[in-house]
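Visitor: Got a structure for you, query.pdb, holding PDB, C-alpha atoms.
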ATOM      1  CA  LEU T   1     -65.473 -36.145 -14.389
ATOM      2  CA  PHE T   2     -66.848 -38.506 -17.103
ATOM      3  CA  PRO T   3     -69.260 -36.497 -19.320
ATOM      4  CA  PHE T   4     -67.853 -38.026 -22.546
ATOM      5  CA  LEU T   5     -68.435 -41.718 -21.799
ATOM      6  CA  GLY T   6     -70.719 -43.301 -24.382
ATOM      7  CA  ARG T   7     -70.818 -40.182 -26.602
ATOM      8  CA  ASP T   8     -69.270 -39.129 -29.936
ATOM      9  CA  HIS T   9     -67.326 -35.843 -30.020
ATOM     10  CA  ASN T  10     -66.311 -34.177 -33.246
ATOM     11  CA  SER T  11     -63.763 -31.945 -31.556
ATOM     12  CA  SER T  12     -60.503 -33.645 -30.607
ATOM     13  CA  CYS T  13     -59.422 -30.435 -28.846
ATOM     14  CA  ALA T  14     -62.348 -30.532 -26.441
ATOM     15  CA  MET T  15     -61.637 -34.187 -25.774
ATOM     16  CA  ALA T  16     -57.981 -33.442 -25.051
ATOM     17  CA  ARG T  17     -58.938 -30.695 -22.590
ATOM     18  CA  SER T  18     -61.408 -32.995 -20.775
ATOM     19  CA  ARG T  19     -58.823 -35.736 -20.637
ATOM     20  CA  MET T  20     -56.175 -33.327 -19.318
ATOM     21  CA  ARG T  21     -58.499 -32.087 -16.581
ATOM     22  CA  LEU T  22     -59.279 -35.674 -15.610
ATOM     23  CA  LEU T  23     -55.615 -36.665 -15.445
ATOM     24  CA  THR T  24     -54.770 -33.534 -13.442
ATOM     25  CA  LEU T  25     -57.476 -34.235 -10.862
ATOM     26  CA  LEU T  26     -56.492 -37.875 -10.562
ATOM     27  CA  ALA T  27     -52.823 -36.977 -10.170
ATOM     28  CA  LEU T  28     -53.647 -34.360  -7.536
ATOM     29  CA  ALA T  29     -55.848 -36.797  -5.677
ATOM     30  CA  ALA T  30     -53.158 -39.458  -5.800
ATOM     31  CA  VAL T  31     -50.511 -37.128  -4.392
ATOM     32  CA  LEU T  32     -52.685 -35.752  -1.635
ATOM     33  CA  GLY T  33     -54.304 -39.091  -0.899
ATOM     34  CA  PHE T  34     -50.975 -40.650   0.016
ATOM     35  CA  SER T  35     -49.758 -37.587   1.859
ATOM     36  CA  PRO T  36     -50.286 -37.175   5.609
ATOM     37  CA  CYS T  37     -52.611 -34.143   5.233
ATOM     38  CA  GLY T  38     -55.123 -35.358   2.621
ATOM     39  CA  LEU T  39     -57.190 -32.817   0.633
ATOM     40  CA  GLY T  40     -57.645 -30.291   3.430
ATOM     41  CA  TRP T  41     -61.426 -30.684   3.752
ATOM     42  CA  PHE T  42     -60.956 -34.499   3.575
ATOM     43  CA  SER T  43     -58.787 -36.531   5.867
ATOM     44  CA  ARG T  44     -56.139 -38.819   4.388
ATOM     45  CA  GLU T  45     -58.453 -41.841   4.716
ATOM     46  CA  GLU T  46     -61.379 -39.954   3.151
ATOM     47  CA  THR T  47     -59.178 -38.822   0.274
ATOM     48  CA  LYS T  48     -58.113 -42.416  -0.490
ATOM     49  CA  GLU T  49     -61.756 -43.476  -0.372
ATOM     50  CA  GLN T  50     -62.753 -40.792  -2.896
ATOM     51  CA  LEU T  51     -59.877 -41.796  -5.167
ATOM     52  CA  GLU T  52     -60.935 -45.453  -5.075
ATOM     53  CA  LYS T  53     -64.492 -44.483  -6.029
ATOM     54  CA  THR T  54     -63.207 -42.442  -8.959
ATOM     55  CA  ALA T  55     -60.838 -45.134 -10.239
ATOM     56  CA  LYS T  56     -63.506 -47.809  -9.855
ATOM     57  CA  VAL T  57     -65.275 -46.441 -12.936
ATOM     58  CA  TRP T  58     -62.333 -47.476 -15.168
ATOM     59  CA  LYS T  59     -62.366 -51.001 -13.708
ATOM     60  CA  GLN T  60     -65.980 -51.532 -14.744
ATOM     61  CA  PRO T  61     -66.977 -52.801 -18.237
ATOM     62  CA  HIS T  62     -67.294 -49.870 -20.617
ATOM     63  CA  ASN T  63     -67.334 -48.998 -24.287
ATOM     64  CA  PHE T  64     -66.757 -45.493 -25.608
ATOM     65  CA  ARG T  65     -65.507 -43.764 -28.736
ATOM     66  CA  ILE T  66     -63.574 -40.559 -29.412
ATOM     67  CA  VAL T  67     -63.950 -39.092 -32.909
ATOM     68  CA  GLY T  68     -61.643 -36.416 -34.314
ATOM     69  CA  SER T  69     -61.204 -34.788 -37.691
ATOM     70  CA  GLN T  70     -58.443 -37.214 -38.758
ATOM     71  CA  PHE T  71     -58.754 -40.275 -36.517
ATOM     72  CA  SER T  72     -61.008 -42.026 -34.026
ATOM     73  CA  VAL T  73     -60.301 -44.123 -30.943
ATOM     74  CA  ASP T  74     -62.512 -46.996 -29.767
ATOM     75  CA  THR T  75     -62.131 -48.752 -26.416
ATOM     76  CA  ILE T  76     -63.940 -51.850 -25.193
ATOM     77  CA  SER T  77     -63.241 -53.242 -21.728
ATOM     78  CA  GLN T  78     -64.588 -56.092 -19.640
ATOM     79  CA  GLY T  79     -62.062 -55.400 -16.918
ATOM     80  CA  ALA T  80     -58.304 -55.629 -16.571
ATOM     81  CA  GLU T  81     -58.183 -59.160 -18.007
ATOM     82  CA  GLN T  82     -60.066 -58.485 -21.252
ATOM     83  CA  TRP T  83     -59.968 -55.213 -23.213
ATOM     84  CA  GLN T  84     -59.203 -53.644 -26.585
ATOM     85  CA  VAL T  85     -58.085 -50.186 -27.768
ATOM     86  CA  ARG T  86     -58.137 -49.299 -31.475
ATOM     87  CA  ALA T  87     -57.129 -46.080 -33.265
ATOM     88  CA  VAL T  88     -58.166 -45.672 -36.917
ATOM     89  CA  GLU T  89     -57.827 -42.872 -39.447
ATOM     90  CA  THR T  90     -61.171 -41.469 -40.544
ATOM     91  CA  ASN T  91     -60.734 -42.853 -44.087
ATOM     92  CA  GLY T  92     -59.903 -46.310 -42.706
ATOM     93  CA  SER T  93     -56.448 -46.394 -44.325
ATOM     94  CA  SER T  94     -54.315 -46.893 -41.207
ATOM     95  CA  ALA T  95     -54.948 -48.445 -37.832
ATOM     96  CA  MET T  96     -53.264 -49.388 -34.569
ATOM     97  CA  PHE T  97     -54.615 -51.670 -31.870
ATOM     98  CA  ALA T  98     -53.756 -53.245 -28.537
ATOM     99  CA  ALA T  99     -55.792 -56.005 -26.926
ATOM    100  CA  ARG T 100     -55.788 -58.461 -24.055
ATOM    101  CA  ASP T 101     -57.933 -61.581 -23.894
ATOM    102  CA  LYS T 102     -58.610 -63.673 -20.806
ATOM    103  CA  GLY T 103     -55.547 -62.411 -18.960
ATOM    104  CA  GLN T 104     -53.091 -63.470 -21.682
ATOM    105  CA  GLU T 105     -50.168 -61.359 -22.896
ATOM    106  CA  VAL T 106     -51.103 -58.118 -24.636
ATOM    107  CA  SER T 107     -51.365 -58.375 -28.444
ATOM    108  CA  TYR T 108     -50.761 -55.344 -30.622
ATOM    109  CA  GLY T 109     -50.585 -54.447 -34.304
ATOM    110  CA  ILE T 110     -50.278 -51.682 -36.874
ATOM    111  CA  ASN T 111     -51.305 -51.140 -40.478
ATOM    112  CA  TYR T 112     -50.090 -48.057 -42.377
ATOM    113  CA  ASP T 113     -50.160 -47.017 -46.058
ATOM    114  CA  SER T 114     -48.793 -43.546 -46.752
ATOM    115  CA  SER T 115     -50.480 -43.364 -50.188
ATOM    116  CA  LYS T 116     -53.871 -43.263 -48.439
ATOM    117  CA  SER T 117     -52.936 -41.774 -45.077
ATOM    118  CA  HIS T 118     -53.179 -38.135 -43.977
ATOM    119  CA  TRP T 119     -49.622 -38.400 -42.633
ATOM    120  CA  LYS T 120     -47.161 -38.410 -45.536
ATOM    121  CA  PRO T 121     -43.429 -39.259 -45.365
ATOM    122  CA  PRO T 122     -40.876 -36.815 -46.824
ATOM    123  CA  LEU T 123     -39.436 -36.843 -50.358
ATOM    124  CA  ASN T 124     -42.662 -38.124 -51.944
ATOM    125  CA  THR T 125     -41.858 -41.643 -50.745
ATOM    126  CA  ARG T 126     -44.489 -44.321 -50.235
ATOM    127  CA  ILE T 127     -44.263 -46.438 -47.075
ATOM    128  CA  TYR T 128     -46.402 -49.491 -46.366
ATOM    129  CA  ALA T 129     -46.026 -51.165 -42.974
ATOM    130  CA  THR T 130     -47.846 -53.927 -41.129
ATOM    131  CA  GLY T 131     -47.031 -55.668 -37.895
ATOM    132  CA  ILE T 132     -48.720 -57.905 -35.351
ATOM    133  CA  SER T 133     -47.693 -59.577 -32.100
ATOM    134  CA  ASP T 134     -49.864 -62.317 -30.646
ATOM    135  CA  GLU T 135     -49.718 -63.254 -26.959
ATOM    136  CA  GLY T 136     -46.116 -62.304 -26.384
ATOM    137  CA  ASP T 137     -44.645 -64.005 -29.463
ATOM    138  CA  ALA T 138     -42.047 -62.229 -31.597
ATOM    139  CA  PRO T 139     -43.876 -59.718 -33.845
ATOM    140  CA  GLU T 140     -44.386 -60.558 -37.508
ATOM    141  CA  TRP T 141     -43.843 -57.454 -39.640
ATOM    142  CA  THR T 142     -43.471 -56.142 -43.185
ATOM    143  CA  VAL T 143     -42.107 -52.787 -44.346
ATOM    144  CA  ARG T 144     -42.063 -51.656 -47.985
ATOM    145  CA  LEU T 145     -40.559 -48.385 -49.247
ATOM    146  CA  GLU T 146     -41.064 -47.098 -52.786
ATOM    147  CA  GLY T 147     -39.264 -44.095 -54.223
ATOM    148  CA  PRO T 148     -40.786 -41.582 -56.651
ATOM    149  CA  GLY T 149     -40.356 -41.700 -60.424
ATOM    150  CA  SER T 150     -40.659 -44.377 -63.080
ATOM    151  CA  ALA T 151     -37.235 -45.958 -62.396
ATOM    152  CA  PRO T 152     -37.430 -48.795 -59.832
ATOM    153  CA  LYS T 153     -36.532 -47.740 -56.289
ATOM    154  CA  GLN T 154     -38.004 -50.058 -53.691
ATOM    155  CA  LEU T 155     -37.118 -51.978 -50.535
ATOM    156  CA  SER T 156     -39.303 -54.686 -49.023
ATOM    157  CA  VAL T 157     -38.392 -56.354 -45.716
ATOM    158  CA  THR T 158     -40.328 -59.077 -43.896
ATOM    159  CA  GLY T 159     -39.436 -60.811 -40.669
ATOM    160  CA  LYS T 160     -40.436 -62.278 -37.336
ATOM    161  CA  GLY T 161     -38.706 -60.260 -34.693
ATOM    162  CA  LEU T 162     -35.111 -59.892 -35.862
ATOM    163  CA  GLU T 163     -34.987 -63.498 -37.043
ATOM    164  CA  ASP T 164     -36.158 -65.042 -40.321
ATOM    165  CA  VAL T 165     -35.617 -61.744 -42.127
ATOM    166  CA  VAL T 166     -36.330 -61.765 -45.865
ATOM    167  CA  TYR T 167     -35.808 -58.726 -48.061
ATOM    168  CA  ASP T 168     -35.843 -57.577 -51.686
ATOM    169  CA  ALA T 169     -34.417 -54.317 -52.946
ATOM    170  CA  SER T 170     -34.018 -52.783 -56.388
ATOM    171  CA  VAL T 171     -32.639 -49.464 -57.584
ATOM    172  CA  GLY T 172     -32.591 -48.180 -61.133
ATOM    173  CA  VAL T 173     -31.030 -45.028 -62.592
ATOM    174  CA  GLU T 174     -31.287 -43.723 -66.145
ATOM    175  CA  ARG T 175     -29.545 -40.597 -67.489
ATOM    176  CA  ARG T 176     -29.271 -39.060 -70.928
ATOM    177  CA  LEU T 177     -25.857 -38.798 -72.552
ATOM    178  CA  LYS T 178     -26.967 -36.922 -75.654
ATOM    179  CA  ARG T 179     -30.043 -36.650 -77.834
ATOM    180  CA  GLY T 180     -31.717 -40.049 -77.954
ATOM    181  CA  LEU T 181     -28.866 -41.873 -76.147
ATOM    182  CA  PHE T 182     -29.193 -42.944 -72.488
ATOM    183  CA  TRP T 183     -27.161 -44.952 -69.993
ATOM    184  CA  SER T 184     -28.677 -46.925 -67.116
ATOM    185  CA  TYR T 185     -27.643 -48.749 -63.964
ATOM    186  CA  ALA T 186     -29.681 -51.339 -62.054
ATOM    187  CA  LEU T 187     -29.109 -53.089 -58.738
ATOM    188  CA  ASP T 188     -31.095 -56.026 -57.357
ATOM    189  CA  ALA T 189     -30.479 -57.401 -53.866
ATOM    190  CA  LYS T 190     -32.180 -60.279 -52.086
ATOM    191  CA  GLY T 191     -31.781 -61.814 -48.658
ATOM    192  CA  ARG T 192     -33.189 -65.233 -47.789
ATOM    193  CA  GLU T 193     -31.002 -66.398 -44.870
ATOM    194  CA  GLY T 194     -30.982 -63.722 -42.228
ATOM    195  CA  TRP T 195     -29.339 -60.586 -43.591
ATOM    196  CA  LYS T 196     -26.930 -62.359 -45.976
ATOM    197  CA  PRO T 197     -27.426 -60.658 -49.365
ATOM    198  CA  TRP T 198     -27.542 -61.840 -52.946
ATOM    199  CA  ILE T 199     -26.655 -58.934 -55.238
ATOM    200  CA  ARG T 200     -26.958 -58.538 -58.995
ATOM    201  CA  GLN T 201     -25.897 -55.429 -60.922
ATOM    202  CA  GLY T 202     -26.160 -54.306 -64.505
ATOM    203  CA  LEU T 203     -25.221 -51.522 -66.925
ATOM    204  CA  GLY T 204     -27.002 -50.593 -70.112
ATOM    205  CA  LEU T 205     -27.160 -48.308 -73.121
ATOM    206  CA  LYS T 206     -30.377 -47.308 -74.875
ATOM    207  CA  TYR T 207     -30.948 -45.508 -78.126
ATOM    208  CA  ALA T 208     -34.440 -44.051 -78.523
ATOM    209  CA  PRO T 209     -34.658 -41.007 -80.831
ATOM    210  CA  PRO T 210     -37.584 -38.733 -79.947
ATOM    211  CA  ALA T 211     -39.160 -38.836 -83.416
ATOM    212  CA  GLY T 212     -37.987 -42.324 -84.415
ATOM    213  CA  ASP T 213     -39.689 -45.698 -84.670
ATOM    214  CA  VAL T 214     -36.655 -47.674 -83.470
ATOM    215  CA  ASN T 215     -35.652 -48.528 -79.893
ATOM    216  CA  ALA T 216     -32.337 -50.299 -79.264
ATOM    217  CA  LYS T 217     -30.892 -51.536 -75.949
ATOM    218  CA  PHE T 218     -27.721 -53.319 -74.881
ATOM    219  CA  ASN T 219     -27.297 -54.540 -71.305
ATOM    220  CA  VAL T 220     -24.421 -56.172 -69.414
ATOM    221  CA  PHE T 221     -25.255 -57.740 -66.053
ATOM    222  CA  GLN T 222     -24.168 -60.337 -63.521
ATOM    223  CA  ALA T 223     -25.308 -63.867 -64.212
ATOM    224  CA  GLU T 224     -27.502 -65.566 -61.625
ATOM    225  CA  SER T 225     -24.979 -68.335 -60.920
ATOM    226  CA  LYS T 226     -21.259 -68.126 -60.119
ATOM    227  CA  GLU T 227     -18.473 -69.842 -61.973
ATOM    228  CA  PRO T 228     -16.962 -72.984 -60.312
ATOM    229  CA  ASN T 229     -13.802 -71.080 -59.331
ATOM    230  CA  GLY T 230     -15.855 -68.511 -57.391
ATOM    231  CA  THR T 231     -15.658 -65.610 -59.845
ATOM    232  CA  VAL T 232     -18.836 -63.851 -60.891
ATOM    233  CA  SER T 233     -19.737 -64.423 -64.550
ATOM    234  CA  MET T 234     -21.236 -61.712 -66.709
ATOM    235  CA  ASP T 235     -24.132 -61.975 -69.116
ATOM    236  CA  TRP T 236     -25.341 -59.707 -71.889
ATOM    237  CA  GLU T 237     -28.374 -59.041 -74.056
ATOM    238  CA  GLY T 238     -29.170 -56.883 -77.070
ATOM    239  CA  LEU T 239     -32.706 -55.821 -77.964
ATOM    240  CA  LEU T 240     -34.043 -54.053 -81.035
ATOM    241  CA  ARG T 241     -37.664 -53.001 -81.407
ATOM    242  CA  GLY T 242     -39.195 -51.065 -84.273
ATOM    243  CA  ARG T 243     -42.135 -50.372 -86.494
ATOM    244  CA  LEU T 244     -42.374 -50.311 -90.293
ATOM    245  CA  THR T 245     -43.852 -46.856 -90.573
ATOM    246  CA  GLY T 246     -46.246 -46.240 -93.440
ATOM    247  CA  TRP T 247     -46.832 -49.861 -94.476
ATOM    248  CA  SER T 248     -50.476 -49.774 -93.404
ATOM    249  CA  SER T 249     -51.167 -46.812 -95.686
ATOM    250  CA  LYS T 250     -48.884 -47.656 -98.646
ATOM    251  CA  GLN T 251     -47.620 -51.159 -99.382
ATOM    252  CA  GLY T 252     -50.332 -53.028 -97.465
ATOM    253  CA  GLY T 253     -53.054 -50.438 -97.291
ATOM    254  CA  LYS T 254     -55.775 -52.802 -98.548
ATOM    255  CA  ILE T 255     -54.945 -55.469 -95.946
ATOM    256  CA  LEU T 256     -53.135 -53.930 -92.967
ATOM    257  CA  SER T 257     -54.863 -51.852 -90.318
ATOM    258  CA  THR T 258     -51.696 -50.940 -88.358
ATOM    259  CA  ASP T 259     -47.986 -50.733 -89.191
ATOM    260  CA  PRO T 260     -46.099 -54.033 -88.631
ATOM    261  CA  GLN T 261     -43.955 -54.244 -85.497
ATOM    262  CA  TYR T 262     -40.805 -56.340 -85.045
ATOM    263  CA  THR T 263     -38.504 -57.414 -82.203
ATOM    264  CA  PHE T 264     -34.991 -58.923 -82.266
ATOM    265  CA  ARG T 265     -33.390 -60.246 -79.070
ATOM    266  CA  LEU T 266     -29.795 -61.518 -79.009
ATOM    267  CA  ASN T 267     -28.066 -63.182 -76.037
ATOM    268  CA  ARG T 268     -26.005 -66.272 -75.173
ATOM    269  CA  ASP T 269     -28.942 -68.531 -75.964
ATOM    270  CA  GLY T 270     -29.138 -67.283 -79.538
ATOM    271  CA  LEU T 271     -31.306 -64.969 -81.602
ATOM    272  CA  ASP T 272     -35.085 -64.576 -81.222
ATOM    273  CA  ALA T 273     -37.106 -62.666 -83.800
ATOM    274  CA  ARG T 274     -40.790 -61.861 -83.950
ATOM    275  CA  ALA T 275     -43.000 -59.766 -86.228
ATOM    276  CA  ARG T 276     -46.707 -58.998 -86.037
ATOM    277  CA  ALA T 277     -49.081 -56.968 -88.190
ATOM    278  CA  GLY T 278     -52.673 -56.020 -87.521
ATOM    279  CA  ALA T 279     -55.042 -56.508 -90.462
ATOM    280  CA  ARG T 280     -58.606 -55.565 -91.255
ATOM    281  CA  LEU T 281     -61.780 -57.274 -89.990
ATOM    282  CA  GLY T 282     -60.160 -57.930 -86.578
ATOM    283  CA  THR T 283     -57.421 -60.188 -87.936
ATOM    284  CA  ALA T 284     -53.637 -60.220 -87.425
ATOM    285  CA  PHE T 285     -50.754 -62.358 -88.627
ATOM    286  CA  GLY T 286     -47.065 -62.730 -87.978
ATOM    287  CA  ALA T 287     -44.054 -64.988 -87.575
ATOM    288  CA  ALA T 288     -41.544 -65.968 -84.878
ATOM    289  CA  ALA T 289     -38.152 -67.653 -85.128
ATOM    290  CA  HIS T 290     -35.253 -68.790 -82.934
ATOM    291  CA  VAL T 291     -31.678 -69.482 -84.025
ATOM    292  CA  SER T 292     -29.354 -71.220 -81.551
ATOM    293  CA  PRO T 293     -25.591 -70.512 -81.275
ATOM    294  CA  GLU T 294     -24.994 -73.840 -83.057
ATOM    295  CA  GLY T 295     -27.000 -72.672 -86.060
ATOM    296  CA  GLU T 296     -30.135 -74.726 -85.431
ATOM    297  CA  TYR T 297     -33.376 -72.868 -85.968
ATOM    298  CA  GLN T 298     -37.108 -73.072 -85.395
ATOM    299  CA  ALA T 299     -39.763 -70.983 -87.109
ATOM    300  CA  GLU T 300     -43.540 -70.617 -86.950
ATOM    301  CA  GLY T 301     -46.244 -68.465 -88.421
ATOM    302  CA  PHE T 302     -49.580 -67.523 -86.872
ATOM    303  CA  ALA T 303     -52.851 -65.832 -87.674
ATOM    304  CA  GLU T 304     -55.390 -64.368 -85.250
ATOM    305  CA  TRP T 305     -58.979 -63.268 -85.437
ATOM    306  CA  LYS T 306     -60.859 -61.404 -82.726
ATOM    307  CA  ASN T 307     -64.257 -59.795 -83.036
ATOM    308  CA  GLN T 308     -67.443 -59.123 -81.111
ATOM    309  CA  LYS T 309     -70.971 -58.009 -81.817
ATOM    310  CA  GLU T 310     -73.749 -56.613 -79.652
ATOM    311  CA  LEU T 311     -76.900 -58.626 -80.362
ATOM    312  CA  ILE T 312     -79.229 -56.622 -78.152
ATOM    313  CA  ASP T 313     -78.720 -53.900 -75.588
ATOM    314  CA  GLY T 314     -76.336 -55.275 -72.949
ATOM    315  CA  VAL T 315     -75.732 -58.635 -74.660
ATOM    316  CA  VAL T 316     -72.405 -58.973 -76.508
ATOM    317  CA  VAL T 317     -71.126 -62.089 -78.279
ATOM    318  CA  GLY T 318     -67.387 -62.342 -79.003
ATOM    319  CA  ALA T 319     -64.911 -64.784 -80.475
ATOM    320  CA  ASP T 320     -61.115 -65.062 -80.300
ATOM    321  CA  ALA T 321     -59.179 -67.597 -82.373
ATOM    322  CA  LYS T 322     -55.483 -68.174 -83.137
TER
END
When written as C-alpha cells, how does the structure in this file appear?
Guide:
Amino acid sequence: LFPFLGRDHNSSCAMARSRMRLLTLLALAAVLGFSPCGLGWFSREETKEQLEKTAKVWKQPHNFRIVGSQFSVDTISQGAEQWQVRAVETNGSSAMFAARDKGQEVSYGINYDSSKSHWKPPLNTRIYATGISDEGDAPEWTVRLEGPGSAPKQLSVTGKGLEDVVYDASVGVERRLKRGLFWSYALDAKGREGWKPWIRQGLGLKYAPPAGDVNAKFNVFQAESKEPNGTVSMDWEGLLRGRLTGWSSKQGGKILSTDPQYTFRLNRDGLDARARAGARLGTAFGAAAHVSPEGEYQAEGFAEWKNQKELIDGVVVGADAK
C-alpha cells in the first residue's frame, strides 16, 4: 500500500492513482471493520486489527516528497503533535504550508505572485498575496492587485484578521479628445482606521502633440486638508515642459552637446522655473528660480561636470562635481 514513501515521482497522475487506491482500501476497511460481518475472510475483530496495523504507518515519523510537473509536496512528521506539510510550485514562486509544533495550534500560510506563477488570474491582472497564522492567532495578510496598462490601477490591503485593516487604492484613466489633446481622471483612496476611507480625486488636461517638443498639463484636484467649515477645498497646478530644438546644432553648437530643456510649474505656492543644458566635455549648466504669490523671488545658477576614464582593464576612475 505504501510503495511511494521516501521516493520522488515525476508523474502526478501516477501519484494520484496510488493515493486514490489507498484511500479506497482504507475507506472499505473502515466500513467493513465496524460492520458486524467484517471482510468476509476476516472476522470483525480481525478486520479492525488489520486496519490498525495499516493506519499505524501514518502515526510513525516519516518524511516523503511528491514531485509533479508544476508543484511538489513535502511532508515531515514526528507524530500527531509535530508535523509539517508544504506545497511549492516547481519554480519556487508560490507556496502553501501547514504545521504543528509540540501540540500547539496549527499554523498555516500562503505566498502567491501571479507574475511568476503558472496559475494566472483573468484580464491580465497581477495578484500578490501573503498570509500567515501563528498558533491560533488572527492571520496577518496582504493582498495587492495591479491592473494592466501604464495608467495606475492598483489596490493594496493589509490586515490582521478583519481588524486593523489598512488599504491604498489608485485608479487613473486617460483618453484622447483630439490630436495631441487628452483628458485624465485620477482617484486615490486610503484607509487607516478600519475601513473608513480618505478619498482624493482629480481631473486634468494634457496637450502633447506627436511631433512637438512641448508638453503642457493642467490639473484640478482635491486638497489634502478640508476647510474649517467642512467643505472640501480644491487645488490646481499647471505644468509646461519643453525643449529648445536645434540650439545644440545652431546657436550653441560649439558649446552645447544637447538641446536645452526647461520646466515651468505654477500653483498656489507660486511659480517655479528651471532650465538645464548639456555641454561638451561632460559639463552642464542651468538656472532655477521661484517667485512667490507676493512677488518675492529666489534664483540660482549651477554648473556640473561628470567624467570617467578607464586606467587599465577593469579599473575606472570617475569624478562628479556640481
Visitor: Please write as a VMD selection string the full residue list that the PyMOL selection byres ((chain T and resi 115-122) around 9) yields on this file.
Guide: chain T and resid 70 89 91 to 94 112 to 114 123 to 128
Visitor: Kindly resolve the PyMOL selection byres ((chain T and resi 237-248) around 10) on the present coordinates and return the residues as a ChimeraX atom specification.
Guide: /T:204-208,212-221,235-236,249-279
Visitor: Which distance in Å separates CA of Phe182 (chain T) and CA of Pro209 (chain T), to one decimal?
Guide: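 Taking CA of Phe182 (chain T) as the start and CA of Pro209 (chain T) as the end point, the length is 10.2 Å.
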Visitor: Lys102 (chain T): which residues within 12 Å, counting only C-alpha atoms, same-chain residues fewer than 4 positions away excluded, as a PyMOL selection string?
Guide: chain T and resi 77-84+106-107+135
Visitor: Restricted to C-alpha atoms, what would the selected residues look like written as a tab-separated table (two decimals), in the coordinates of the input?
Guide:
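This went into again.tsv:
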chain	number	residue	atom	x	y	z
T	77	SER	CA	-63.24	-53.24	-21.73
T	78	GLN	CA	-64.59	-56.09	-19.64
T	79	GLY	CA	-62.06	-55.40	-16.92
T	80	ALA	CA	-58.30	-55.63	-16.57
T	81	GLU	CA	-58.18	-59.16	-18.01
T	82	GLN	CA	-60.07	-58.48	-21.25
T	83	TRP	CA	-59.97	-55.21	-23.21
T	84	GLN	CA	-59.20	-53.64	-26.58
T	106	VAL	CA	-51.10	-58.12	-24.64
T	107	SER	CA	-51.36	-58.38	-28.44
T	135	GLU	CA	-49.72	-63.25	-26.96
Visitor: Between CA of Ile76 (chain T) and CA of Trp141 (chain T), what is the spacing in Å?
Guide: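 Interatomic distance, CA of Trp141 (chain T) to CA of Ile76 (chain T): 25.4 Å.
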Visitor: Record the distance separating CA of Lys190 (chain T) and CA of Asp164 (chain T), expressed in Å with one decimal.
Guide: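 One can read the CA of Lys190 (chain T) to CA of Asp164 (chain T) distance as 13.3 Å.
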Visitor: Taking the file above as input, evaluate the PyMOL selection byres ((chain T and resi 222) around 8) and report the hits as a list in words.
Guide: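 Listing what the PyMOL selection byres ((chain T and resi 222) around 8) selects in the shown file: Arg200, Gln201, Gly202, Val220, Phe221, Ala223, Glu224, Val232, Ser233, Met234 and Asp235 of chain T.
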Visitor: Using all atoms listed in the file, find the one residue out of T:Thr283, T:Ser69, T:Ser156, T:Ser184 that sits nearest to Lys306 (chain T).
Guide: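 Answer, going by the shortest atom-to-atom distance: T:Thr283.
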Visitor: Which is closer to Val88 (chain T) than all the others in T:Ala287, T:Ala138, T:Val73, T:Ile312, using only C-alpha atoms?
Guide: T:Val73
Visitor: So, with all atoms listed in the file as the atoms that count, which of T:Glu45, T:Glu304, T:Glu296, T:Glu146 lies closest to Lys322 (chain T)?
Guide: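 Using all atoms listed in the file, the shortest distance to Lys322 (chain T) belongs to T:Glu304.
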Visitor: For Asp137 (chain T), which of T:Gly172, T:Gly318, T:Gly161, T:Gly149 is the closest residue, counting all atoms listed in the file?
Guide: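 Checking each candidate against Asp137 (chain T), we get T:Gly161 as the closest.
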